[in-house]
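J.: This is the structure, below, for whatever I ask next.
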Amino acid sequence: MSKRIGMEVAIAAAEAAALCRFDVAAVYPITPQSHVAEHLSDIVADGRIDAEFITVESEHSALSSAIGAAGTGARVVTATSSQGLMYMHEVLPIASAMRLPIVMIIANRAVSGPLNIWNDHTDIMHERDTGWISLFAQNGQEVVDMTIQAFKIGEHRDVMLPVNVNMDGFQLTHMVEPILMPEQEEVDKFLPAYKPYAMVHPDTPVSMGTLAMPEFYAEALKAKDMAMAASRKIIAQVWKDWEKQFGRKYEPIEAHRAEDAEVLMLTMGSMGETAEIAINELRKHGVKAGLLKLKLWRPFPFEELKKLTKNAKVLVVTDRAVSFGGPGGPVCGEVKAALYDEPNRPKIVNYLIGLGGRDLTISDFVDMMKRAAEATKKMPAEAYEYYGVRE
Amino acid sequence: MKALVENFDIFAPRLVDKEEYFCAGHRACQGCGEALAIRQMCKALGKDTVIANATGCMEVISTLYPTTAWKLPWIHVAFPNAAAVGSGVEAGLTALRRKGKIADRYVKTVAIGGDGGTADIGLQALSGAMERGHDMLYVCFDNEAYMNTGIQRSSATPFGASTTTAPAGKASFGNKTWKKNLPEIMVGHNLAYVATACHSYPLDFIEKVKKARKIKGPTYIHCFSVCPTGWRAKSEECIKLGRLAVETGVFPLYEVEKGKYRMTIDPPEKLRPVEDYLKPQGRFRHLTPDQIKIIQDRVILEYKKLQNKIKCSKSWDELAK
C-alpha cells in the first residue's frame, strides 16, 4: 500500500523516477528544477537504485546524453525548465524522431526577456510541436503519478515517443504536499521492464539517426504523427490501468461541475485547484459555472473538449503564455481550432494570466468568470486580454 | 618507417584488420582523406565499438536512409553534441552491462566529428565529456573548414587559406587567424592520451587508435584529413598532401601520453619549406611570398614549441616518483 507522506513536490518527482528504476539520468541544474536534479543525484549516490548519473555541462548535452543512453536501450530520465528547455530545443524533435521514450520532468517557468524565474507555461509552449507527449499536473500527487505513467506510455511499442511531465515551477516544485507515494512492488507491477526496439550495441548493430532525403523525410514525420495519434488509446489504457491499481482517476480533461454549466473555465496546471474553489463560490451564488482542467496538452484532446463544451454558452480559456501577434494564448488557439466545426460552440473569452509568476487569487478567477459573461454580450469581444496587467 | 610504408601491400594484411566496418559505396568525394581515415580508425577499433557521429560530411555521405556504410553500431543526433551523445552511450552501456541487461563484455564508445563540430560548435560538449572522464575516445577529423556546407572557415582553418566565408580578395588574403590548437586544449583536460594523426600515415594512426582504445577513460586523437574538394587540390594528391603537411612541419605527428610528449613520425632532419605544401592547393594560390614567409616563420616557431615540450615534458608516473 502507498504511504501518505509530506514531501516537496520536486523531490517527489525524483522519487517517482527512481521507482521506475531508470538506468541513466542526465540533468543540468536550473531554477526551479534544481531540487529534482539534486535529488536524482542523491538517489544514485546513495545506491538506492543502480544507475548512472551524468553531470552534463549544459541542457543541450543533457538531452543529447539522454538520447545516447536511450539509444543503447537504457531507461532514461532528465529534467529541466525555461531557458534550459529552450537550450535543448534543437534536440527535442530529434529525440522523438528517433522514437526514444525518454521522460523529462519540466518545472515550468517563464522565459527570459526580462529575466524571470517564476512560473508560467511559456517554456513548454515553445516545444509544443517537437513530437513529445505532454502531460500537465495540477498537484504533487499528479506529478508523481504522471512521472510513472509517462514511462509506461512512452515505452509502449505503439507509441515509442518521449514524454514530458509538466509541473508549475515554485507553485508545485517547492511546495510540500501530502502525497501517496507508491511502493516499489506496486510500481514494478504497473511498469514492466523496458524492452527497447533497437539498441546501438555490437550484438545488434544499427545506424540510428540517419539522413533522410525529401523522398523519406515526410514519411518520418508522418510516422511520428501517427504514433502521436496512436498514443491517445495507450494513454487512456495506461490511465485505466492506473485507476484500477491505485484508485486515482486520470482523464485528458478533468471536468468539475461542468455538466450543466453555462460558463466554463479551462485551466492547465496548478491554477486548476484555485479555480476550482472559485467555481464552487460562484455555484453558491447560483452561477452555473464549471471548470475544465486540461491534463493532456499533446496529443490535444479534441474529442473530449467538444463533448465537454457542447452545452456551455461561454468558455473562458486561461493561458499562462503569449503568442505575440497571434490569435491569443496558445491554449486558446487550440481550443478555438478544436471547436470550429461544432454547430453549438460556446463563445470564447481568452485571458492571459499568471505570467512570470504573477499571483492568482480565488477572486481573480471569480472576476474573470463574471467579466467573461459580460464580454460575450457584445461579441465579437477582444481576441484576448492581459488580465490585471498595467498598460 | 618510410620503407615500411612503401611496402604497405606486403605488410598491411598482417598489420591491419581485413574486415571492413566502414564499407564501400558511400558518397564521399573522390580522394576524400576523411573517409579513408574513418576506414582506418574502424579497423583499429574492431567490432566491439559504438560510434557517435556529429553531423558533417561523414554522417551525410555514409547514412543516406535507407542505406548505411556502417557495420559498427552507429548513432547520430546533431552537429554540436557528438561528445554528449557519446557520454550517454557510454553511461548507457555501463549501466546496462552492470545490470545484466546486455552482454557482459567491454564495448568502447568512440565519438567522432569534423573540425567545426569539434573545435567550434561542439567544443563545450567535448570539454564537458572529457572533464567528466567518460571512458570514451574522441576523434576529430580535421579538414580545416566547414566542408559539408561548402568550405566556410572554422577555427581550425589555417592562416591565409581562402574559404567561402574568409575569401581572398582585393582587400583580403583569406583567413586572418591561426589554427586553434585543439590537441593542446585536450592536453589541458589532463587526458591520459592525446595524439595527432593523419591518414597518410595509416600505421601510425592505427597504432594510436589502438593505444587510445585500451585506455579506460577519456582520450583524444586529432586526425588531419585532407579534403581535395575544399582545398582545391587534385584528388590523387590526397595522400601526398598529408605527407607534405608532416614533412614541412605544418602538422607534426606526435602523442602526449600521461603528459609526456613524443614525436611518432620523425620529420626530415631539415623541414621542407612550407611552399611545397601550400603550392599544390588552390586555397593558398593567392598568397604572396611575404605572406608565405609569415606562415613559414610561424610553422617553425610552433615546431620549436613542440620540440621544447618533447624535450622538457615528463610523464606523470615519472613526476610522481
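Please note that chains go A, B, ... in the order of the C-alpha cells, that every chain numbers its residues from 1, and that ligands are numbered from 1 in the order shown.
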Can you write out as a tab-separated table which residues of chain B fall within 9 Å of chain A, alongside each residue's closest atom pair and its distance in Å to one decimal, counting only C-alpha atoms and ordering rows by chain and ascending residue number?
T.:
residue	atom	partner	partner_atom	distance
B:Lys47	CA	A:Pro202	CA	6.5
B:Asp48	CA	A:Pro202	CA	5.6
B:Thr49	CA	A:Pro202	CA	6.5
B:Val50	CA	A:His201	CA	6.4
B:Ile51	CA	A:Val200	CA	8.7
B:Ala52	CA	A:Gly68	CA	8.1
B:Glu59	CA	A:Thr210	CA	7.6
B:Val60	CA	A:Leu211	CA	6.3
B:Ile61	CA	A:Leu211	CA	8.9
B:Ser62	CA	A:Thr210	CA	8.6
B:Thr63	CA	A:Thr210	CA	5.3
B:Leu64	CA	A:Leu211	CA	5.0
B:Tyr65	CA	A:Ala212	CA	5.3
B:Pro66	CA	A:Ala212	CA	7.9
B:Thr67	CA	A:Thr210	CA	8.8
B:Thr68	CA	A:Ser207	CA	6.8
B:Ala69	CA	A:Ser207	CA	9.0
B:Trp70	CA	A:Ser207	CA	7.0
B:Lys71	CA	A:Pro205	CA	6.7
B:Leu72	CA	A:Pro205	CA	5.9
B:Pro73	CA	A:Pro205	CA	4.1
B:Trp74	CA	A:Ser207	CA	4.7
B:Ile75	CA	A:Met208	CA	4.6
B:His76	CA	A:Gly209	CA	4.9
B:Val77	CA	A:Gly209	CA	5.9
B:Ala78	CA	A:Val91	CA	7.3
B:Pro80	CA	A:His60	CA	8.9
B:Asn81	CA	A:Ser64	CA	6.4
B:Ala82	CA	A:Ser64	CA	8.2
B:Ala83	CA	A:Ser61	CA	8.5
B:Ala84	CA	A:Ser65	CA	5.0
B:Val85	CA	A:Gly68	CA	4.4
B:Gly86	CA	A:Gly68	CA	6.2
B:Ser87	CA	A:Ser65	CA	5.8
B:Gly88	CA	A:Ser65	CA	3.9
B:Val89	CA	A:Gly68	CA	4.5
B:Glu90	CA	A:Ala69	CA	7.3
B:Ala91	CA	A:Glu52	CA	6.0
B:Gly92	CA	A:Ala69	CA	4.3
B:Leu93	CA	A:Thr72	CA	6.3
B:Thr94	CA	A:Glu52	CA	7.8
B:Ala95	CA	A:Ala51	CA	5.9
B:Leu96	CA	A:Ala74	CA	6.7
B:Arg98	CA	A:Asp50	CA	8.4
B:Lys99	CA	A:Asp50	CA	7.5
B:Lys101	CA	A:Gly73	CA	9.0
B:Ile102	CA	A:His201	CA	8.6
B:Ala103	CA	A:Asp203	CA	8.3
B:Val107	CA	A:Pro202	CA	7.8
B:Gln124	CA	A:Glu57	CA	7.6
B:Ala125	CA	A:Ser61	CA	6.4
B:Ser127	CA	A:Glu57	CA	8.6
B:Gly128	CA	A:Glu57	CA	5.5
B:Ala129	CA	A:Val56	CA	7.7
B:Arg132	CA	A:Thr55	CA	7.6
J.: Could you jot down the atom CA of A:Ala227 to atom CA of A:Val159 separation for me, Å, one decimal place?
T.: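 Interatomic distance, atom CA of A:Ala227 to atom CA of A:Val159: 5.0 Å.
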J.: Give the strand (DSSP E or B) residues of stretch 99-225 of chain A, as DSSP finds them on the backbone, and put them as a ChimeraX atom specification.
T.: /A:103-108,133-136,163-168,176-181,201,204,207-208,211
J.: Using backbone DSSP assignments, extract all helix (DSSP H, G or I) residues from stretch 85-320 of chain B; output them as an MDAnalysis selection string.
T.: chainID B and resid 85:98 115:120 123:132 182:187 202:214 228:231 235:247 274:278 282:284 289:312 316:320
J.: What does the structure give for the distance between atom CA of B:Phe159 and atom CA of B:Leu244, in Å to one decimal?
T.: 16.9 Å
J.: With stretch 119-125 of chain A as the partner and 12 Å as the cut-off, tabulate the residues of stretch 129-158 of chain A that qualify, each row holding the nearest pair of atoms and their distance in Å to one decimal, using only C-alpha atoms, sorted by chain and rising number, as CSV.
T.:
residue,atom,partner,partner_atom,distance
A:Asp129,CA,A:Met125,CA,8.4
A:Thr130,CA,A:Ile124,CA,10.1
A:Trp132,CA,A:Ile124,CA,10.4
A:Ile133,CA,A:Ile124,CA,11.2
A:Ser134,CA,A:Ile124,CA,8.6
A:Leu135,CA,A:Ile124,CA,10.6
A:Phe136,CA,A:His121,CA,10.2
J.: Quick one: write out the picked residues with C-alpha atoms as a compact mmCIF listing (two decimals), in the first residue's frame?
T.:
# COMPACT_ATOMS: atom_id res chain seq x y z
CA ASP A 129 5.44 20.88 -31.97
CA THR A 130 8.52 18.78 -31.23
CA TRP A 132 6.72 14.89 -27.37
CA ILE A 133 3.71 13.75 -25.39
CA SER A 134 2.96 16.49 -22.84
CA LEU A 135 1.23 15.83 -19.54
CA PHE A 136 0.23 18.65 -17.18
J.: Report, in Å with one decimal, the straight-line distance from atom CA of B:Arg262 to atom CA of B:Lys309.
T.: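 Spanning atom CA of B:Arg262 to atom CA of B:Lys309 is a straight-line distance of 8.6 Å.
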J.: Choose the residue, out of B:Cys227, B:Val194, B:Ala245, B:Val110, that has the smallest atom-to-atom separation from B:Lys279; count only C-alpha atoms.
T.: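 Comparing B:Cys227, B:Val194, B:Ala245, B:Val110 against B:Lys279, the winner is B:Ala245.
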J.: Name the residues in contact with A:Ile279 at a cut-off of 7 Å, using only C-alpha atoms, excluding same-chain residues fewer than 4 positions from it; report them as a list in words.
T.: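 The residues satisfying every condition are Ala275, Arg283, Ala289, Gly290 and Leu291 of chain A.
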J.: Using only C-alpha atoms, which residues sit within 12 Å of B:Ala320 once same-chain residues fewer than 3 positions away are excluded, as a ChimeraX atom specification?
T.: /B:258-259,314-317
J.: Please save N, CA and C atoms of the selected residues as an mmCIF file, in the first residue's frame.
T.:
data_model
loop_
_atom_site.group_PDB
_atom_site.id
_atom_site.type_symbol
_atom_site.label_atom_id
_atom_site.label_comp_id
_atom_site.auth_asym_id
_atom_site.auth_seq_id
_atom_site.Cartn_x
_atom_site.Cartn_y
_atom_site.Cartn_z
ATOM 1 N N LYS B 258 50.213 10.501 -20.866
ATOM 2 C CA LYS B 258 50.319 10.923 -19.450
ATOM 3 C C LYS B 258 51.229 12.145 -19.324
ATOM 4 N N GLY B 259 51.021 13.098 -20.185
ATOM 5 C CA GLY B 259 51.767 14.354 -20.094
ATOM 6 C C GLY B 259 53.101 14.378 -20.820
ATOM 7 N N LYS B 314 57.753 15.434 -18.849
ATOM 8 C CA LYS B 314 57.953 14.137 -18.210
ATOM 9 C C LYS B 314 56.588 13.510 -17.983
ATOM 10 N N SER B 315 56.558 12.196 -17.972
ATOM 11 C CA SER B 315 55.260 11.551 -17.766
ATOM 12 C C SER B 315 54.850 11.691 -16.299
ATOM 13 N N TRP B 316 53.544 11.612 -16.061
ATOM 14 C CA TRP B 316 53.027 11.772 -14.687
ATOM 15 C C TRP B 316 53.650 10.743 -13.758
ATOM 16 N N ASP B 317 53.861 9.539 -14.297
ATOM 17 C CA ASP B 317 54.442 8.478 -13.466
ATOM 18 C C ASP B 317 55.827 8.895 -12.969
#
J.: Hey, which of B:Gln152, B:Thr118, B:Thr288, B:Thr248 ends up closest to B:His222? Count only C-alpha atoms.
T.: B:Thr118
J.: Give me the residues near A:Ala137 as a PyMOL selection string, where near means some atom within 6 Å (using only C-alpha atoms) and where sequence neighbours in that chain fewer than 3 positions away do not count.
T.: chain A and resi 142-143+167+269
J.: Excluding B:Glu302 and its own-chain neighbours fewer than 4 positions away, which residues fall within 9 Å of it when counting only C-alpha atoms? Please give them as a list in words.
T.: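 Neighbouring residues, sequence-local ones excluded: Gly249, Val250, Asp297, Arg298, Leu306 and Gln307 of chain B.
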J.: Generate a file of the selected residues that holds C-alpha atoms, formatted as a PDB file, in the first residue's frame.
T.:
ATOM      1  CA  GLY B 249      56.197  20.745 -40.034  1.00  0.00           C
ATOM      2  CA  VAL B 250      52.748  22.217 -40.732  1.00  0.00           C
ATOM      3  CA  ASP B 297      58.090  31.639 -39.609  1.00  0.00           C
ATOM      4  CA  ARG B 298      55.030  30.648 -37.602  1.00  0.00           C
ATOM      5  CA  LEU B 306      56.553  21.343 -29.772  1.00  0.00           C
ATOM      6  CA  GLN B 307      60.193  20.227 -29.738  1.00  0.00           C
TER       7      GLN B 307
END
